>>> print(open('run.cif').read())   # mmCIF, C-alpha atoms and all ligand atoms
data_input
loop_
_atom_site.label_atom_id
_atom_site.label_comp_id
_atom_site.auth_asym_id
_atom_site.auth_seq_id
_atom_site.Cartn_x
_atom_site.Cartn_y
_atom_site.Cartn_z
CA MET A 1 90.00 77.51 346.27
CA SER A 2 92.90 75.32 347.41
CA GLU A 3 94.83 73.23 344.93
CA GLU A 4 93.62 70.01 346.61
CA ALA A 5 89.92 70.80 346.25
CA GLY A 6 90.37 69.86 342.58
CA ILE A 7 88.69 72.09 340.03
CA GLU A 8 88.65 69.00 337.80
CA ARG A 9 85.46 67.74 339.40
CA PHE A 10 83.61 70.65 337.80
CA ILE A 11 85.08 70.11 334.34
CA ARG A 12 83.00 68.15 331.81
CA PRO A 13 84.10 64.53 332.32
CA ASP A 14 84.47 63.98 328.55
CA LEU A 15 86.97 66.86 328.37
CA THR A 16 89.27 65.86 331.23
CA THR A 17 90.94 63.31 328.96
CA PHE A 18 90.76 65.51 325.85
CA SER A 19 94.07 65.90 324.03
CA ALA A 20 94.75 69.20 322.26
CA TYR A 21 95.10 69.50 318.49
CA SER A 22 98.72 68.85 317.58
CA ALA A 23 99.31 72.15 315.83
CA SER A 24 102.32 72.92 313.65
CA ILE A 25 105.44 74.32 315.33
CA SER A 26 106.18 78.05 315.45
CA PRO A 27 109.80 78.57 314.30
CA GLU A 28 110.60 80.93 317.21
CA THR A 29 110.02 78.09 319.70
CA LEU A 30 112.85 76.07 318.08
CA GLU A 31 115.63 78.62 318.69
CA GLY A 32 118.64 76.85 320.18
CA GLU A 33 117.17 73.37 319.67
CA ILE A 34 118.30 72.94 316.10
CA GLU A 35 121.33 73.43 313.85
CA VAL A 36 120.17 76.62 312.09
CA ALA A 37 118.93 80.08 313.16
CA ALA A 38 115.17 80.59 313.53
CA GLU A 39 115.00 82.92 310.51
CA SER A 40 116.50 80.34 308.15
CA ILE A 41 114.05 77.61 309.09
CA ILE A 42 112.17 76.24 306.08
CA LYS A 43 108.59 75.68 307.08
CA LEU A 44 106.95 72.92 305.04
CA ASP A 45 104.70 71.61 307.80
CA ALA A 46 101.43 73.57 307.70
CA ASN A 47 100.52 74.00 304.00
CA GLU A 48 101.10 77.74 304.30
CA ASN A 49 101.64 79.85 301.20
CA PRO A 50 105.38 80.37 300.63
CA TYR A 51 104.67 83.47 298.50
CA GLY A 52 102.79 85.23 301.29
CA CYS A 53 99.68 87.32 300.78
CA SER A 54 98.95 89.92 298.13
CA PRO A 55 101.06 93.09 298.66
CA ARG A 56 97.76 94.98 298.41
CA VAL A 57 96.80 93.43 301.76
CA ASN A 58 99.92 94.81 303.46
CA GLN A 59 99.36 98.26 301.99
CA ALA A 60 95.68 98.43 302.91
CA LEU A 61 96.23 97.21 306.47
CA ALA A 62 99.08 99.68 307.05
CA THR A 63 96.74 102.62 306.50
CA TYR A 64 93.34 101.26 307.56
CA PRO A 65 91.83 103.87 309.91
CA TYR A 66 88.99 102.02 311.71
CA PHE A 67 90.47 99.21 313.79
CA ASN A 68 88.63 100.78 316.74
CA VAL A 69 85.24 99.88 315.23
CA TYR A 70 83.67 96.39 315.43
CA PRO A 71 83.19 94.54 312.15
CA ASP A 72 79.72 94.12 310.63
CA ASN A 73 78.27 91.13 312.44
CA GLY A 74 75.99 90.31 309.50
CA GLN A 75 79.00 90.17 307.12
CA VAL A 76 77.04 92.05 304.43
CA MET A 77 79.99 93.39 302.44
CA LEU A 78 82.11 90.30 303.05
CA ARG A 79 79.36 87.95 301.84
CA GLN A 80 78.84 90.16 298.80
CA LEU A 81 82.54 89.96 297.97
CA LEU A 82 82.55 86.19 298.40
CA ALA A 83 79.43 85.94 296.24
CA GLY A 84 81.34 87.73 293.49
CA TYR A 85 84.27 85.35 293.83
CA THR A 86 82.28 82.11 294.03
CA GLY A 87 79.48 82.98 291.64
CA VAL A 88 76.69 82.10 294.08
CA ASP A 89 74.27 84.57 295.65
CA ALA A 90 75.34 86.14 298.98
CA LYS A 91 72.46 84.40 300.78
CA TYR A 92 74.31 81.09 300.28
CA ILE A 93 77.40 82.32 302.14
CA ALA A 94 78.52 82.56 305.75
CA ALA A 95 82.07 83.39 306.78
CA GLY A 96 84.07 82.55 309.86
CA SER A 97 87.38 82.85 311.60
CA GLY A 98 89.11 80.33 309.34
CA GLY A 99 87.58 77.30 307.68
CA ASP A 100 88.08 75.65 311.06
CA GLN A 101 85.40 77.78 312.67
CA LEU A 102 82.91 76.71 310.01
CA ILE A 103 83.65 73.05 310.71
CA ASP A 104 82.96 73.81 314.37
CA LEU A 105 79.74 75.72 313.63
CA VAL A 106 78.35 73.12 311.25
CA LEU A 107 78.92 70.38 313.82
CA ARG A 108 77.37 72.47 316.57
CA LEU A 109 74.34 73.07 314.37
CA PHE A 110 73.61 69.38 313.76
CA VAL A 111 75.34 67.31 316.41
CA GLU A 112 74.32 66.73 320.01
CA PRO A 113 76.18 64.62 322.58
CA GLY A 114 75.71 60.94 321.73
CA ASP A 115 75.13 61.58 318.01
CA GLU A 116 77.43 60.05 315.41
CA VAL A 117 79.66 61.75 312.87
CA ILE A 118 81.09 59.79 309.93
CA ASN A 119 84.71 60.55 309.06
CA CYS A 120 86.84 58.98 306.29
CA VAL A 121 90.27 58.39 307.83
CA PRO A 122 93.07 59.28 307.54
CA THR A 123 91.95 62.87 307.15
CA PHE A 124 92.11 66.35 308.67
CA GLU A 125 92.49 66.00 312.42
CA MET A 126 90.31 69.02 313.16
CA TYR A 127 87.21 66.97 312.30
CA THR A 128 87.91 64.61 315.18
CA PHE A 129 88.74 67.55 317.41
CA PHE A 130 85.50 69.46 316.84
CA ALA A 131 83.32 66.35 316.76
CA LYS A 132 84.69 65.39 320.17
CA VAL A 133 84.13 68.87 321.59
CA CYS A 134 80.46 68.39 320.62
CA GLY A 135 80.46 65.14 322.60
CA SER A 136 79.67 63.07 319.51
CA THR A 137 80.89 59.59 318.63
CA LEU A 138 83.18 59.44 315.63
CA VAL A 139 82.51 56.63 313.23
CA GLU A 140 85.75 56.16 311.32
CA ILE A 141 85.54 54.68 307.84
CA PRO A 142 89.02 53.75 306.64
CA ARG A 143 90.08 54.77 303.15
CA ASP A 144 91.52 52.06 300.89
CA ASP A 145 95.21 51.55 300.01
CA ASP A 146 95.04 54.45 297.53
CA PHE A 147 93.20 56.56 300.13
CA ALA A 148 89.95 56.48 298.16
CA ILE A 149 86.79 56.57 300.27
CA SER A 150 84.31 53.72 300.35
CA VAL A 151 80.80 54.98 299.66
CA ALA A 152 79.38 51.53 300.43
CA ALA A 153 81.07 51.51 303.86
CA ILE A 154 79.80 55.02 304.59
CA LYS A 155 76.24 54.01 303.70
CA ALA A 156 76.50 50.86 305.79
CA ALA A 157 77.60 52.93 308.80
CA ILE A 158 74.57 55.23 308.71
CA ASN A 159 71.98 54.81 311.44
CA GLU A 160 69.40 57.01 313.19
CA LYS A 161 72.15 58.64 315.27
CA THR A 162 74.19 59.79 312.26
CA LYS A 163 74.08 63.59 312.00
CA ALA A 164 76.93 64.49 309.67
CA ILE A 165 79.31 63.06 307.08
CA LEU A 166 82.65 64.87 306.70
CA LEU A 167 84.76 64.79 303.58
CA ALA A 168 87.85 66.83 302.71
CA ASN A 169 88.26 67.18 298.95
CA PRO A 170 91.14 67.12 298.10
CA ASN A 171 91.82 65.24 301.30
CA ASN A 172 94.42 66.42 303.80
CA PRO A 173 96.97 64.85 304.35
CA THR A 174 96.68 62.46 301.38
CA GLY A 175 96.12 65.02 298.57
CA THR A 176 93.64 62.66 296.92
CA ILE A 177 90.38 63.64 295.20
CA THR A 178 86.97 62.04 295.64
CA PRO A 179 85.11 61.83 292.33
CA GLN A 180 81.92 63.85 291.95
CA ARG A 181 79.79 60.71 291.48
CA ASP A 182 80.85 59.46 294.94
CA ILE A 183 80.02 62.83 296.47
CA LEU A 184 76.60 62.77 294.82
CA GLU A 185 75.92 59.28 296.14
CA ILE A 186 76.77 60.44 299.68
CA VAL A 187 74.66 63.58 299.30
CA ASP A 188 71.77 61.38 298.14
CA THR A 189 71.61 59.89 301.64
CA GLY A 190 69.96 63.18 302.64
CA LEU A 191 72.20 63.57 305.71
CA PRO A 192 74.19 66.75 306.32
CA VAL A 193 77.34 66.38 304.19
CA VAL A 194 80.36 68.66 304.51
CA VAL A 195 82.70 68.85 301.52
CA ASP A 196 85.75 70.74 302.74
CA GLU A 197 87.44 72.42 299.76
CA ALA A 198 90.29 74.15 301.61
CA TYR A 199 92.53 73.35 298.60
CA TYR A 200 89.99 74.14 295.88
CA GLU A 201 92.22 76.66 294.10
CA PHE A 202 94.91 73.98 293.73
CA SER A 203 92.60 71.18 292.57
CA GLY A 204 90.06 73.15 290.53
CA GLU A 205 87.34 70.65 291.56
CA THR A 206 84.26 71.81 293.40
CA ALA A 207 80.84 70.67 294.53
CA ALA A 208 79.68 74.28 294.97
CA PRO A 209 77.26 74.28 291.99
CA LEU A 210 75.36 71.40 293.65
CA VAL A 211 74.51 73.38 296.79
CA GLY A 212 71.57 75.07 295.05
CA LYS A 213 70.09 71.66 294.38
CA TYR A 214 70.87 69.82 297.62
CA GLN A 215 69.94 71.51 300.92
CA ASN A 216 72.05 69.05 302.90
CA LEU A 217 75.33 69.77 301.06
CA MET A 218 77.79 72.26 302.57
CA VAL A 219 81.00 73.36 300.87
CA LEU A 220 83.78 74.94 302.98
CA ARG A 221 86.62 77.09 301.72
CA THR A 222 89.44 79.18 303.19
CA PHE A 223 91.77 82.07 302.40
CA SER A 224 94.57 80.43 304.40
CA LYS A 225 96.16 78.40 301.62
CA TRP A 226 95.70 79.97 298.16
CA ALA A 227 95.55 83.60 299.36
CA GLY A 228 98.27 83.35 302.02
CA LEU A 229 96.07 84.63 304.86
CA ALA A 230 96.46 81.75 307.35
CA GLY A 231 97.53 84.16 310.09
CA LEU A 232 94.45 86.35 309.68
CA ARG A 233 91.99 83.45 310.01
CA VAL A 234 89.26 83.75 307.40
CA GLY A 235 87.19 81.10 305.70
CA TYR A 236 83.64 80.67 304.43
CA GLY A 237 81.01 78.14 303.56
CA ILE A 238 78.60 77.80 300.68
CA PHE A 239 75.35 76.60 302.23
CA SER A 240 71.71 76.40 301.35
CA PRO A 241 70.25 79.77 302.44
CA LYS A 242 68.49 78.18 305.43
CA ILE A 243 71.72 76.70 306.76
CA ALA A 244 73.68 79.91 306.05
CA ASP A 245 71.11 81.76 308.12
CA TYR A 246 71.46 79.31 311.03
CA ILE A 247 75.25 79.52 310.89
CA LEU A 248 75.07 83.32 311.04
CA ARG A 249 72.75 83.06 314.05
CA ILE A 250 74.91 80.69 316.11
CA LYS A 251 78.37 82.02 315.20
CA PRO A 252 80.27 84.00 317.81
CA PRO A 253 79.52 87.68 317.17
CA TYR A 254 82.13 89.60 315.13
CA SER A 255 84.08 86.40 314.49
CA VAL A 256 85.67 87.64 311.26
CA ASN A 257 87.85 90.55 312.32
CA VAL A 258 88.23 93.84 310.49
CA ALA A 259 91.77 93.12 309.29
CA ALA A 260 90.61 89.84 307.77
CA ILE A 261 87.72 91.55 305.96
CA VAL A 262 90.08 94.17 304.51
CA ALA A 263 92.46 91.39 303.52
CA VAL A 264 89.72 89.48 301.68
CA GLN A 265 88.67 92.65 299.86
CA GLU A 266 92.23 93.35 298.70
CA SER A 267 92.95 89.70 297.85
CA LEU A 268 89.91 89.58 295.60
CA LYS A 269 91.19 92.66 293.76
CA ASP A 270 94.42 90.75 293.17
CA ILE A 271 93.22 87.32 292.09
CA ASP A 272 95.51 87.18 289.05
CA TYR A 273 98.55 87.84 291.23
CA LEU A 274 97.49 85.21 293.78
CA MET A 275 96.69 82.64 291.09
CA THR A 276 100.18 83.15 289.65
CA GLY A 277 101.46 81.96 293.03
CA VAL A 278 99.03 79.03 293.01
CA LYS A 279 100.23 78.02 289.55
CA ALA A 280 103.87 78.24 290.65
CA ILE A 281 103.05 75.98 293.60
CA ILE A 282 101.35 73.46 291.29
CA VAL A 283 104.41 73.40 288.98
CA GLU A 284 106.67 73.02 292.01
CA ARG A 285 104.45 70.23 293.38
CA GLU A 286 105.04 68.16 290.26
CA LYS A 287 108.78 68.86 290.40
CA LEU A 288 108.95 67.93 294.10
CA PHE A 289 106.97 64.77 293.37
CA ALA A 290 109.44 63.72 290.65
CA GLU A 291 112.44 64.47 292.88
CA LEU A 292 111.01 62.52 295.83
CA LYS A 293 110.22 59.60 293.56
CA ARG A 294 113.90 59.32 292.63
CA ILE A 295 114.81 58.65 296.28
CA LYS A 296 114.55 54.90 296.61
CA TRP A 297 113.42 54.81 300.24
CA LEU A 298 110.55 57.26 299.65
CA ALA A 299 107.24 56.78 297.82
CA PRO A 300 105.36 60.07 297.28
CA LEU A 301 101.64 60.09 296.49
CA PRO A 302 100.26 62.14 293.60
CA SER A 303 98.50 65.20 295.04
CA GLN A 304 95.85 67.70 293.95
CA ALA A 305 96.68 70.09 296.80
CA ASN A 306 99.72 72.14 297.93
CA PHE A 307 101.40 69.29 299.81
CA ILE A 308 102.63 65.76 299.16
CA LEU A 309 102.17 62.78 301.44
CA CYS A 310 105.21 60.58 301.27
CA LEU A 311 105.56 56.97 302.40
CA VAL A 312 108.89 56.35 304.13
CA LEU A 313 109.77 52.82 303.05
CA ASN A 314 112.51 52.16 305.60
CA GLY A 315 110.06 52.44 308.48
CA ARG A 316 111.78 55.48 309.96
CA ALA A 317 109.32 58.30 309.19
CA SER A 318 109.40 59.69 312.72
CA GLN A 319 113.21 59.77 312.77
CA LEU A 320 113.29 61.37 309.33
CA HIS A 321 110.92 64.11 310.52
CA GLN A 322 113.18 64.69 313.54
CA ARG A 323 116.42 64.71 311.54
CA LEU A 324 114.96 67.19 309.00
CA LYS A 325 113.89 69.39 311.90
CA GLU A 326 117.44 69.42 313.25
CA LYS A 327 118.56 70.54 309.82
CA GLY A 328 116.04 73.37 309.91
CA ILE A 329 113.40 71.87 307.61
CA LEU A 330 109.98 71.36 309.17
CA VAL A 331 107.69 68.73 307.67
CA ARG A 332 104.63 67.14 309.22
CA TYR A 333 104.67 63.79 311.01
CA PHE A 334 101.42 62.35 312.34
CA ASP A 335 101.81 60.08 315.32
CA LYS A 336 98.75 58.03 314.30
CA PRO A 337 98.52 54.32 313.41
CA LEU A 338 97.30 54.96 309.85
CA LEU A 339 99.99 57.54 309.11
CA LYS A 340 102.99 56.43 311.13
CA HIS A 341 105.06 55.54 308.05
CA PHE A 342 104.36 58.83 306.27
CA ILE A 343 105.52 62.42 306.30
CA ARG A 344 103.59 65.27 304.72
CA ILE A 345 105.62 67.91 302.90
CA SER A 346 104.08 71.27 301.99
CA VAL A 347 105.12 72.54 298.58
CA GLY A 348 107.43 75.56 298.92
CA LYS A 349 109.44 77.67 296.52
CA PRO A 350 112.01 76.04 294.17
CA GLU A 351 114.82 76.82 296.62
CA HIS A 352 112.92 75.02 299.39
CA THR A 353 112.64 71.90 297.22
CA ASP A 354 116.39 72.10 296.55
CA ALA A 355 117.22 72.45 300.25
CA LEU A 356 114.90 69.55 301.14
CA ILE A 357 116.35 67.22 298.51
CA LYS A 358 119.91 68.10 299.60
CA ALA A 359 118.98 67.39 303.24
CA LEU A 360 117.40 64.05 302.24
CA GLN A 361 120.59 63.10 300.39
CA GLU A 362 122.71 64.01 303.43
CA ILE A 363 120.45 61.94 305.65
CA GLU A 364 120.77 59.03 303.24
CA GLU A 365 124.58 59.29 303.45
CA GLU A 366 124.50 59.49 307.27
CA THR A 367 122.29 56.45 307.71
CA GLY A 368 122.82 54.43 304.58
CA GLY A 369 119.24 55.20 303.48
C1 LIG B 401 93.84 74.21 306.22
C2 LIG B 401 92.56 73.45 306.21
C3 LIG B 401 91.34 74.03 306.59
C4 LIG B 401 91.10 75.42 307.05
O1 LIG B 401 92.07 76.08 307.64
P1 LIG B 401 91.78 77.54 308.22
O2 LIG B 401 93.14 78.09 308.36
O3 LIG B 401 91.06 77.34 309.51
O4 LIG B 401 90.94 78.26 307.24
C5 LIG B 401 90.19 73.29 306.51
N1 LIG B 401 90.23 72.03 306.08
C6 LIG B 401 91.36 71.43 305.70
C7 LIG B 401 91.30 70.05 305.20
C8 LIG B 401 92.57 72.11 305.77
O5 LIG B 401 93.69 71.48 305.43
#
>>> encode(input="run.cif", output="structure tokens")
Amino acid sequence: MSEEAGIERFIRPDLTTFSAYSASISPETLEGEIEVAAESIIKLDANENPYGCSPRVNQALATYPYFNVYPDNGQVMLRQLLAGYTGVDAKYIAAGSGGDQLIDLVLRLFVEPGDEVINCVPTFEMYTFFAKVCGSTLVEIPRDDDFAISVAAIKAAINEKTKAILLANPNNPTGTITPQRDILEIVDTGLPVVVDEAYYEFSGETAAPLVGKYQNLMVLRTFSKWAGLAGLRVGYGIFSPKIADYILRIKPPYSVNVAAIVAVQESLKDIDYLMTGVKAIIVEREKLFAELKRIKWLAPLPSQANFILCLVLNGRASQLHQRLKEKGILVRYFDKPLLKHFIRISVGKPEHTDALIKALQEIEEETGG
């Protein structure tokens, strides 16, 4: 077909104007653009685990003999392992290629084009992304000045088209927690409610025990953050058995790869080691918070996750993000009205905090704060 014939006319009209997810930057793409070499870049932009995965994962993958064989599509062993970790029966569990795939699958299960999805903004951008791919209308309920959700506003927004309510807890990028009583009030609406606990191991708060009681509640988790497996893409959901069964039916076949399954198995043999890393990150989070607070043009928010959202009081958040990048420190800037005066900083190792604070002091000297 010639260029002029325009393949666009065959593309779904709602996707021709679709903008891609603004993913974090891969360090290798920055070579030459910034003041430091790619290998000394400090990556505090994607909430990745600075301590890496369990060494058991590396060892097991180096000698695993069956990469030529497809994984078990029914996830029998994987669901059993996750049952052991979460304390719920395996029939409540379905796994996917990252927590992201479960967000996608849940929305596909409930949402048809024209339906409405309630989202408490600012929050994880993937919700908007997947809801739009389903052709749904996003109903955005703004959080208050402290980034707490409004249950009353959520309830007022519900109508016969509402098919899902999405809630990250702790929320990304704000790090804030929604109290259990608010979650219960939302679940009491009877609508499908997703509580995304990607940072559960850092916050210690979970709605998982409620899933047995409320069929409409779905709790999502991931191995990307606490277990350092972001690159292997594995997450799971705790669902009522009926929903778990539907998710397993509609998921892409073999979506959790063999390496990821081995990695989960080894990670769960090494929970103490991984939780030592989680605890170090929590200690470092509080230290980073205190250090950021001492900088007069920054106002960090208390966080229950492995990152800190920080208000840039001089109105130059975007420039600060850029200047840090030039110095080899990647943080997250969201080019969105609700977040334009903020940067999000993932908690790294102590030396990363030191490098960041030094860079912030240099920037203050360069610009007069
Ligand atoms: C990181 C994250 C996820 C899941 O990430 P995956 O790497 O796809 O498992 C889900 N929800 C939130 C809020 C996150 O920040």
>>> residues_near_point(input="run.cif", point="(76.2, 58.1, 303.5)", cutoff="10 Å", atoms="only C-alpha atoms", output="PDB file with C-alpha atoms, in the frame of the given file")
ATOM      1  CA  ILE A 118      81.090  59.790 309.930  1.00  0.00           C
ATOM      2  CA  SER A 150      84.310  53.720 300.350  1.00  0.00           C
ATOM      3  CA  VAL A 151      80.800  54.980 299.660  1.00  0.00           C
ATOM      4  CA  ALA A 152      79.380  51.530 300.430  1.00  0.00           C
ATOM      5  CA  ALA A 153      81.070  51.510 303.860  1.00  0.00           C
ATOM      6  CA  ILE A 154      79.800  55.020 304.590  1.00  0.00           C
ATOM      7  CA  LYS A 155      76.240  54.010 303.700  1.00  0.00           C
ATOM      8  CA  ALA A 156      76.500  50.860 305.790  1.00  0.00           C
ATOM      9  CA  ALA A 157      77.600  52.930 308.800  1.00  0.00           C
ATOM     10  CA  ILE A 158      74.570  55.230 308.710  1.00  0.00           C
ATOM     11  CA  ASN A 159      71.980  54.810 311.440  1.00  0.00           C
ATOM     12  CA  THR A 162      74.190  59.790 312.260  1.00  0.00           C
ATOM     13  CA  ALA A 164      76.930  64.490 309.670  1.00  0.00           C
ATOM     14  CA  ILE A 165      79.310  63.060 307.080  1.00  0.00           C
ATOM     15  CA  LEU A 166      82.650  64.870 306.700  1.00  0.00           C
ATOM     16  CA  ASP A 182      80.850  59.460 294.940  1.00  0.00           C
ATOM     17  CA  ILE A 183      80.020  62.830 296.470  1.00  0.00           C
ATOM     18  CA  LEU A 184      76.600  62.770 294.820  1.00  0.00           C
ATOM     19  CA  GLU A 185      75.920  59.280 296.140  1.00  0.00           C
ATOM     20  CA  ILE A 186      76.770  60.440 299.680  1.00  0.00           C
ATOM     21  CA  VAL A 187      74.660  63.580 299.300  1.00  0.00           C
ATOM     22  CA  ASP A 188      71.770  61.380 298.140  1.00  0.00           C
ATOM     23  CA  THR A 189      71.610  59.890 301.640  1.00  0.00           C
ATOM     24  CA  GLY A 190      69.960  63.180 302.640  1.00  0.00           C
ATOM     25  CA  LEU A 191      72.200  63.570 305.710  1.00  0.00           C
ATOM     26  CA  PRO A 192      74.190  66.750 306.320  1.00  0.00           C
ATOM     27  CA  VAL A 193      77.340  66.380 304.190  1.00  0.00           C
TER      28      VAL A 193
END
>>> atom_distance(input="run.cif", atom1="atom CA of Ser255 of chain A", atom2="atom CA of Ser24 of chain A")
22.7 Å
>>> closest_residue(input="run.cif", among="A:Ile363, A:Leu232, A:Asp14, A:Tyr254", to="Leu324 of chain A", atoms="only C-alpha atoms")
A:Ile363
>>> atom_distance(input="run.cif", atom1="atom CA of Cys134 of chain A", atom2="atom CA of Phe110 of chain A")
9.7 Å
>>> atom_distance(input="run.cif", atom1="atom CA of Ile343 of chain A", atom2="atom CA of Ala131 of chain A")
24.9 Å
>>> residues_near_ligand(input="run.cif", ligand="ligand LIG 401 (chain B)", cutoff="7 Å", atoms="all atoms listed in the file", output="ChimeraX atom specification")
/A:97-101,124,168,171-172,196-198,222-225,230,233-235
>>> closest_residue(input="run.cif", among="A:Pro300, A:Pro253, A:Pro173, A:Pro27", to="Met126 of chain A", atoms="all atoms listed in the file")
A:Pro173
>>> closest_residue(input="run.cif", among="A:Leu356, A:Val133, A:Ile177, A:Met77", to="Leu288 of chain A", atoms="all atoms listed in the file")
A:Leu356
>>> residues_around(input="run.cif", residues="Pro302 of chain A", least_positions_apart="3", cutoff="12 Å", atoms="all atoms listed in the file", output="ChimeraX atom specification")
/A:146-147,170-171,173-177,203,282,285-290,292-293,299,305-311
>>> residues_around(input="run.cif", residues="Tyr51 of chain A", least_positions_apart="6", cutoff="8 Å", atoms="all atoms listed in the file", output="short mmCIF file (atom, residue, chain, number, x, y, z; two decimals) with C-alpha atoms, keeping the file's coordinate frame")
data_model
loop_
_atom_site.label_atom_id
_atom_site.label_comp_id
_atom_site.auth_asym_id
_atom_site.auth_seq_id
_atom_site.Cartn_x
_atom_site.Cartn_y
_atom_site.Cartn_z
CA GLY A 228 98.27 83.35 302.02
CA GLY A 277 101.46 81.96 293.03
CA LYS A 349 109.44 77.67 296.52
#
>>> closest_residue(input="run.cif", among="A:Leu229, A:Cys120, A:Val194, A:Ala280", to="Leu338 of chain A", atoms="only C-alpha atoms")
A:Cys120
>>> residues_near_point(input="run.cif", point="(88.7, 92.4, 299.3)", cutoff="10 Å", atoms="only C-alpha atoms", output="VMD selection string")
chain A and resid 56 to 57 60 77 to 78 81 to 82 85 260 to 271
>>> closest_residue(input="run.cif", among="A:Phe18, A:Trp297, A:Phe342, A:Tyr246", to="Gly135 of chain A", atoms="all atoms listed in the file")
A:Phe18
>>> closest_residue(input="run.cif", among="A:Trp226, A:Tyr70, A:Asp115, A:Asp45", to="Ala23 of chain A", atoms="all atoms listed in the file")
A:Asp45
>>> build_atoms(input="run.cif", residues="segment 315-327 of chain A", atoms="N, CA, C and O atoms", output="short mmCIF file (atom, residue, chain, number, x, y, z; two decimals), keeping the file's coordinate frame")
data_model
loop_
_atom_site.label_atom_id
_atom_site.label_comp_id
_atom_site.auth_asym_id
_atom_site.auth_seq_id
_atom_site.Cartn_x
_atom_site.Cartn_y
_atom_site.Cartn_z
N GLY A 315 110.69 52.53 307.17
CA GLY A 315 110.06 52.44 308.48
C GLY A 315 110.53 53.48 309.48
O GLY A 315 110.25 53.37 310.68
N ARG A 316 111.26 54.50 309.01
CA ARG A 316 111.78 55.48 309.96
C ARG A 316 111.24 56.89 309.71
O ARG A 316 111.97 57.88 309.73
N ALA A 317 109.94 57.00 309.49
CA ALA A 317 109.32 58.30 309.19
C ALA A 317 109.50 59.29 310.33
O ALA A 317 109.83 60.46 310.12
N SER A 318 109.29 58.81 311.56
CA SER A 318 109.40 59.69 312.72
C SER A 318 110.83 60.24 312.87
O SER A 318 111.03 61.43 313.09
N GLN A 319 111.80 59.34 312.69
CA GLN A 319 113.21 59.77 312.77
C GLN A 319 113.55 60.74 311.65
O GLN A 319 114.29 61.70 311.86
N LEU A 320 113.02 60.49 310.47
CA LEU A 320 113.29 61.37 309.33
C LEU A 320 112.74 62.78 309.61
O LEU A 320 113.43 63.78 309.38
N HIS A 321 111.53 62.83 310.15
CA HIS A 321 110.92 64.11 310.52
C HIS A 321 111.82 64.85 311.52
O HIS A 321 112.10 66.04 311.37
N GLN A 322 112.32 64.10 312.51
CA GLN A 322 113.18 64.69 313.54
C GLN A 322 114.51 65.18 312.96
O GLN A 322 114.97 66.29 313.25
N ARG A 323 115.11 64.36 312.11
CA ARG A 323 116.42 64.71 311.54
C ARG A 323 116.29 65.94 310.62
O ARG A 323 117.16 66.81 310.62
N LEU A 324 115.20 66.00 309.86
CA LEU A 324 114.96 67.19 309.00
C LEU A 324 114.78 68.43 309.88
O LEU A 324 115.27 69.51 309.54
N LYS A 325 114.10 68.26 310.98
CA LYS A 325 113.89 69.39 311.90
C LYS A 325 115.23 69.92 312.41
O LYS A 325 115.46 71.13 312.43
N GLU A 326 116.12 68.99 312.78
CA GLU A 326 117.44 69.42 313.25
C GLU A 326 118.20 70.18 312.18
O GLU A 326 119.00 71.06 312.47
N LYS A 327 117.92 69.83 310.93
CA LYS A 327 118.56 70.54 309.82
C LYS A 327 117.80 71.80 309.42
O LYS A 327 118.12 72.43 308.41
#
